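Working notes for the structure below.
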Amino acid sequence: MITSRIRKPLVWGGILVLLVLLCSLVTYRVSYRTGVESLRENGNRQLELHARGVESEIERYIWLPRVLGLHVPTRSLLEAENPALRGSSDHLAPLRREVNEYLEGMNARSGTLALYVLDISGRVLAASNWRRMDSYVGEDLSTRPYFVEAMNGGQGQFYGLDSLSGEPGYYLSSPLRIGDRIIGVAVVKVKLSQLEHGWRKANSNALVTDENGVIILAANPAWYLRAMQPISAERRQQLALSLQYHWALLPELSLAERIVLSPGLEQWGVADDKNRLRVYRYLVQSRTLNDTRWKLTLLSPLGEVRAAALTHAMLAAAIAAFVTLLIIAMNERRKALATKLAAREALEAANSELERRITERTADLKASNDRLRAEIREREQAEQNLRQTQSELIQAGKLAVIGQMSTSIAHELNQPLAALRTLSGNTVKFLQRGKLDIASTNLNTIAELVERMGKITASLRSFARRSEHAGGRARLAAAVDAALFLLHSRLSQEPVLVERHFADAELAIDQTRLEQILVNLLANAMDALQGRANARIVLSGQRLEDSYRLAVSDNGCGLPEHVMKHLFEPFFTTKPAERGLGLGLTLSASLAAAAGGALTAGQSALGGAEFVLILPLCPEEDAAHV
């Protein structure tokens, strides 16, 4: 008892702890997933907004190099400054000055870093910074990718650091043409650092990587010119020779973890520069900028989501603990009240039981006398009812046997009568024609059919008497031939192909009874095949250990579920009243059972119905087979 009292609080305490832990864990997971999904949707909107900002900043200046092709002095300078005539071009100094001043004014009005024009050899002829010491004028920029792309007829786009000053910028180039001939290249250098200031002001941690995977714009200055993935030594050498990133070492961005959640969605763990053990986790979303090979990436901190999920989990744990304690207290109070009520009800029940027993004992004597008199009357009435019921059952049994015999005889003699009708008509015609031999053959066949009809009626009488003796021998092949003969008139009128795939066997059943079963099965199959093209009936046999299995299959409409339930019930049929009585399958199943076999039905592999007849083999046949 003491152990039970100690164990009970421990059980309740364990249940309380499990419920609190389960509730907090489920709440944390749900809250965290909801927070991440909300953060992802908000990040998608910010990512799209930042992408539009970067794309619009680039598109603001994409037209500027093309406008220079409309400036007549610029075109004249490019035509006059043929690389083959550079030595005799002193008279072009006023024209170069005019173009330099035009580029200088255009650069000041557009707010770009530099505007300059190159001839077809890649030499800078005029530039907006022509007054400065680090002017581009005279520089050979033929190896720059944006010059190569423009000379190939395309619009050049390139991000890099200036080879002289190391100043970063985004270069846009366009070929200048006269007709189909390229006479030079116009280039504009754009500053994109204002995008970084906007990101920092909006407290948005975003970055842009170029086609080499190098961070060229970042809200976090420490990440500038860091590689997002390892760069091979060969590629680093190529970038160093091109001076695209000046002399930057391009260190790889070190991440504590990087998990790909879905295309364009990752989770990063970034270690603190001061405390490497402290890791900040971000939900990272990225997309490719239109008309560029750059990728914009947005980092959304997961710390607030985790903190909110933890807060919700703690709140849910507190609520779960409170509710659980409340339920425990209410349950204990309910048990105390239930104990008091149970004790009161037990006392009242004991009193009621005592009074009931006294009343019952008093009434027992009177009831005993009444029961004895009632039993005497009931037994006398029962004997009278029994004699009357026995008389009625005997009469009903006689009527049932007579009805079954008459209907069975009508059903079984239908096929031989049809054959007799056909043979007698043919015999009359052959006698009229003088073909006595054929007429004699038909008369012999009619005699055999009449004898067979006698055997059928004798067999039906035996069946109606429910005789226990059902011995005999039957040849399967002969029985099939006889059944097909009885159905010859129908087979000659209906296009049904009968296939036989069985070996002859001697079965322990009367020959006439086996023929009756086969006639019923074949006639039912032909009824199911009426009006169907390519009608087939397949008889396939298989010898078992001490029995033989014969399957009669067709490719008709099959047996529905509701028909299968009542298939072997007397007088159940799906045929019209004038074509069937519903006794063929009942009689066949009974004949098979009387011989120690069975008749079952199912669906055929041909698509229709399949009836399986299993009959025992004769002892001699079985022994010979062994």
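Numbering starts fresh at 1 for the residues of each chain in the structure tokens, the chains themselves are lettered A, B, ... in the order given, and ligands are numbered from 1 as they appear.
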Quiz item: Could you pull the residues within 10 Å of range 594-606 of chain A, counting only C-alpha atoms, minus those fewer than 6 positions along the same chain, as a PyMOL selection string?
Solution: chain A and resi 463+466-472+507-510+513-514+517+536-538+547-561+564+567-568+585-586+588+612-617
Can those selected residues be exported to a file as a JSON list (two decimals), in the first residue's frame so that it contains C-alpha atoms?
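Just written: out15.json:
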[["chain", "number", "residue", "atom", "x", "y", "z"],
["A", 463, "PHE", "CA", -31.43, -37.70, -57.43],
["A", 466, "ARG", "CA", -31.44, -38.37, -52.34],
["A", 467, "SER", "CA", -29.87, -41.81, -52.56],
["A", 468, "GLU", "CA", -26.56, -42.15, -50.75],
["A", 469, "HIS", "CA", -25.22, -44.54, -53.40],
["A", 470, "ALA", "CA", -23.75, -42.60, -56.36],
["A", 471, "GLY", "CA", -21.16, -45.02, -57.76],
["A", 472, "GLY", "CA", -20.33, -45.74, -61.37],
["A", 507, "LEU", "CA", -13.87, -40.87, -63.27],
["A", 508, "ALA", "CA", -15.81, -42.35, -60.33],
["A", 509, "ILE", "CA", -19.27, -41.10, -61.39],
["A", 510, "ASP", "CA", -22.14, -42.42, -63.43],
["A", 513, "ARG", "CA", -24.68, -37.91, -64.52],
["A", 514, "LEU", "CA", -21.36, -36.65, -65.88],
["A", 517, "ILE", "CA", -23.25, -31.86, -65.62],
["A", 536, "ARG", "CA", -14.82, -19.32, -77.29],
["A", 537, "ILE", "CA", -15.37, -22.15, -74.85],
["A", 538, "VAL", "CA", -12.23, -23.83, -73.50],
["A", 547, "SER", "CA", -8.92, -36.63, -58.53],
["A", 548, "TYR", "CA", -9.35, -34.85, -61.84],
["A", 549, "ARG", "CA", -9.91, -31.12, -62.34],
["A", 550, "LEU", "CA", -11.92, -30.02, -65.42],
["A", 551, "ALA", "CA", -12.35, -26.28, -66.08],
["A", 552, "VAL", "CA", -15.02, -24.93, -68.46],
["A", 553, "SER", "CA", -14.08, -21.31, -69.36],
["A", 554, "ASP", "CA", -15.61, -18.77, -71.73],
["A", 555, "ASN", "CA", -14.89, -15.23, -72.84],
["A", 556, "GLY", "CA", -18.35, -13.92, -72.08],
["A", 557, "CYS", "CA", -19.38, -11.12, -69.73],
["A", 558, "GLY", "CA", -18.31, -12.98, -66.54],
["A", 559, "LEU", "CA", -20.11, -13.36, -63.22],
["A", 560, "PRO", "CA", -20.98, -10.22, -61.24],
["A", 561, "GLU", "CA", -20.52, -10.22, -57.47],
["A", 564, "MET", "CA", -21.91, -15.27, -57.45],
["A", 567, "LEU", "CA", -25.36, -18.98, -58.24],
["A", 568, "PHE", "CA", -26.07, -22.47, -56.86],
["A", 585, "LEU", "CA", -26.24, -25.50, -61.68],
["A", 586, "THR", "CA", -28.02, -26.67, -58.52],
["A", 588, "SER", "CA", -24.95, -30.25, -61.33],
["A", 612, "VAL", "CA", -14.29, -25.91, -62.16],
["A", 613, "LEU", "CA", -15.50, -29.53, -61.78],
["A", 614, "ILE", "CA", -13.40, -31.76, -59.49],
["A", 615, "LEU", "CA", -14.27, -35.49, -59.48],
["A", 616, "PRO", "CA", -12.44, -38.48, -57.97],
["A", 617, "LEU", "CA", -10.57, -40.84, -60.26]]
Per residue of range 181-225 of chain A within 9 Å of range 43-58 of chain A, which atom pair is closest and at what distance in Å (one decimal), using only C-alpha atoms, listed by chain and increasing number, as JSON lines?
{"residue": "A:Val190", "atom": "CA", "partner": "A:Ile58", "partner_atom": "CA", "distance": 8.1}
{"residue": "A:Leu192", "atom": "CA", "partner": "A:Glu57", "partner_atom": "CA", "distance": 7.8}
{"residue": "A:Leu195", "atom": "CA", "partner": "A:Val54", "partner_atom": "CA", "distance": 7.3}
{"residue": "A:Trp199", "atom": "CA", "partner": "A:His50", "partner_atom": "CA", "distance": 8.4}
{"residue": "A:Ser204", "atom": "CA", "partner": "A:Gln46", "partner_atom": "CA", "distance": 8.5}
{"residue": "A:Ala206", "atom": "CA", "partner": "A:His50", "partner_atom": "CA", "distance": 8.3}
Dump N, CA and C atoms for the selected residues as a PDB file, in the first residue's frame?
ATOM      1  N   VAL A 190      30.944  52.831 -64.439  1.00  0.00           N
ATOM      2  CA  VAL A 190      29.884  53.191 -63.510  1.00  0.00           C
ATOM      3  C   VAL A 190      30.298  52.754 -62.103  1.00  0.00           C
ATOM      4  N   LEU A 192      29.095  51.445 -58.503  1.00  0.00           N
ATOM      5  CA  LEU A 192      27.962  50.729 -57.912  1.00  0.00           C
ATOM      6  C   LEU A 192      28.013  50.701 -56.388  1.00  0.00           C
ATOM      7  N   LEU A 195      24.966  51.267 -54.066  1.00  0.00           N
ATOM      8  CA  LEU A 195      24.041  50.190 -53.727  1.00  0.00           C
ATOM      9  C   LEU A 195      24.374  49.603 -52.359  1.00  0.00           C
ATOM     10  N   TRP A 199      22.021  49.296 -48.986  1.00  0.00           N
ATOM     11  CA  TRP A 199      21.766  48.060 -48.248  1.00  0.00           C
ATOM     12  C   TRP A 199      22.061  48.224 -46.763  1.00  0.00           C
ATOM     13  N   SER A 204      20.039  45.605 -44.510  1.00  0.00           N
ATOM     14  CA  SER A 204      19.828  44.418 -45.333  1.00  0.00           C
ATOM     15  C   SER A 204      21.182  43.830 -45.692  1.00  0.00           C
ATOM     16  N   ALA A 206      23.082  41.958 -47.957  1.00  0.00           N
ATOM     17  CA  ALA A 206      23.027  41.449 -49.325  1.00  0.00           C
ATOM     18  C   ALA A 206      24.415  41.502 -49.938  1.00  0.00           C
TER      19      ALA A 206
END
Exercise. Just the strand (DSSP E or B) stuff from range 417-565 of chain A, please, per backbone DSSP, written as a ChimeraX atom specification.
Key: /A:474-475,496-501,506-507,535-543,547-554
Those same residues, written as a CSV table (one decimal), in the first residue's frame with C-alpha atoms?
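The resulting file, again.csv, is shown below:
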chain,number,residue,atom,x,y,z
A,474,ALA,CA,-17.5,-42.5,-66.7
A,475,ARG,CA,-15.1,-41.7,-69.5
A,496,VAL,CA,-19.0,-20.7,-80.9
A,497,LEU,CA,-15.4,-22.2,-81.0
A,498,VAL,CA,-15.1,-25.1,-78.5
A,499,GLU,CA,-11.4,-25.9,-77.6
A,500,ARG,CA,-10.5,-29.1,-75.8
A,501,HIS,CA,-7.2,-29.2,-73.8
A,506,GLU,CA,-11.9,-42.6,-66.0
A,507,LEU,CA,-13.9,-40.9,-63.3
A,535,ALA,CA,-17.0,-16.6,-78.9
A,536,ARG,CA,-14.8,-19.3,-77.3
A,537,ILE,CA,-15.4,-22.2,-74.8
A,538,VAL,CA,-12.2,-23.8,-73.5
A,539,LEU,CA,-12.3,-27.2,-71.7
A,540,SER,CA,-9.0,-27.7,-69.9
A,541,GLY,CA,-8.2,-30.7,-67.6
A,542,GLN,CA,-5.5,-31.4,-65.0
A,543,ARG,CA,-4.9,-34.7,-63.2
A,547,SER,CA,-8.9,-36.6,-58.5
A,548,TYR,CA,-9.3,-34.9,-61.8
A,549,ARG,CA,-9.9,-31.1,-62.3
A,550,LEU,CA,-11.9,-30.0,-65.4
A,551,ALA,CA,-12.4,-26.3,-66.1
A,552,VAL,CA,-15.0,-24.9,-68.5
A,553,SER,CA,-14.1,-21.3,-69.4
A,554,ASP,CA,-15.6,-18.8,-71.7
Quiz prompt | Contact residues around Val124 in chain A with only C-alpha atoms at 6 Å, ignoring same-chain residues under 2 positions, as a PyMOL selection string | solution = chain A and resi 117-118+126+137-139
Written selection (N, CA and C atoms) as a compact mmCIF listing (two decimals), in the first residue's frame:
# COMPACT_ATOMS: atom_id res chain seq x y z
N VAL A 117 36.80 56.73 -75.27
CA VAL A 117 36.62 56.17 -76.61
C VAL A 117 37.92 55.52 -77.03
N LEU A 118 37.84 54.30 -77.58
CA LEU A 118 39.00 53.56 -78.06
C LEU A 118 38.88 53.35 -79.56
N ALA A 126 40.28 59.41 -76.47
CA ALA A 126 39.75 60.55 -75.70
C ALA A 126 39.06 59.99 -74.47
N VAL A 137 43.87 58.36 -71.46
CA VAL A 137 44.26 58.71 -72.84
C VAL A 137 45.61 58.09 -73.15
N GLY A 138 45.66 57.37 -74.25
CA GLY A 138 46.89 56.73 -74.70
C GLY A 138 47.07 55.32 -74.16
N GLU A 139 46.24 54.90 -73.19
CA GLU A 139 46.36 53.57 -72.64
C GLU A 139 45.92 52.51 -73.66
Self-check item: Atomic separation - CA of Leu125 in chain A relative to CA of Leu78 in chain A, Å
Solution: 7.9 Å
Within 10 Å of Glu79 in chain A, counting only C-alpha atoms, which residues show up once you throw out same-chain ones fewer than 3 positions away? Write them as a compact mmCIF listing (two decimals) with C-alpha atoms, in the first residue's frame, please.
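result_14.txt, written as the output of this step:
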# COMPACT_ATOMS: atom_id res chain seq x y z
CA PRO A 73 33.32 65.00 -83.69
CA THR A 74 33.79 61.65 -81.97
CA ARG A 75 33.07 59.78 -85.18
CA SER A 76 35.41 62.14 -87.09
CA ASN A 82 43.70 55.39 -88.15
CA PRO A 83 46.42 53.32 -86.42
CA ASP A 119 40.05 53.01 -81.64
CA ILE A 178 29.69 53.72 -89.83
CA ILE A 183 35.33 52.34 -86.27
CA GLY A 184 35.83 52.26 -82.49
Exercise. Select from range 218-383 of chain A everything DSSP, run on the backbone, classes as helix (DSSP H, G or I), then give the selection as a PyMOL selection string.
Key: chain A and resi 221-223+233-242+303-383
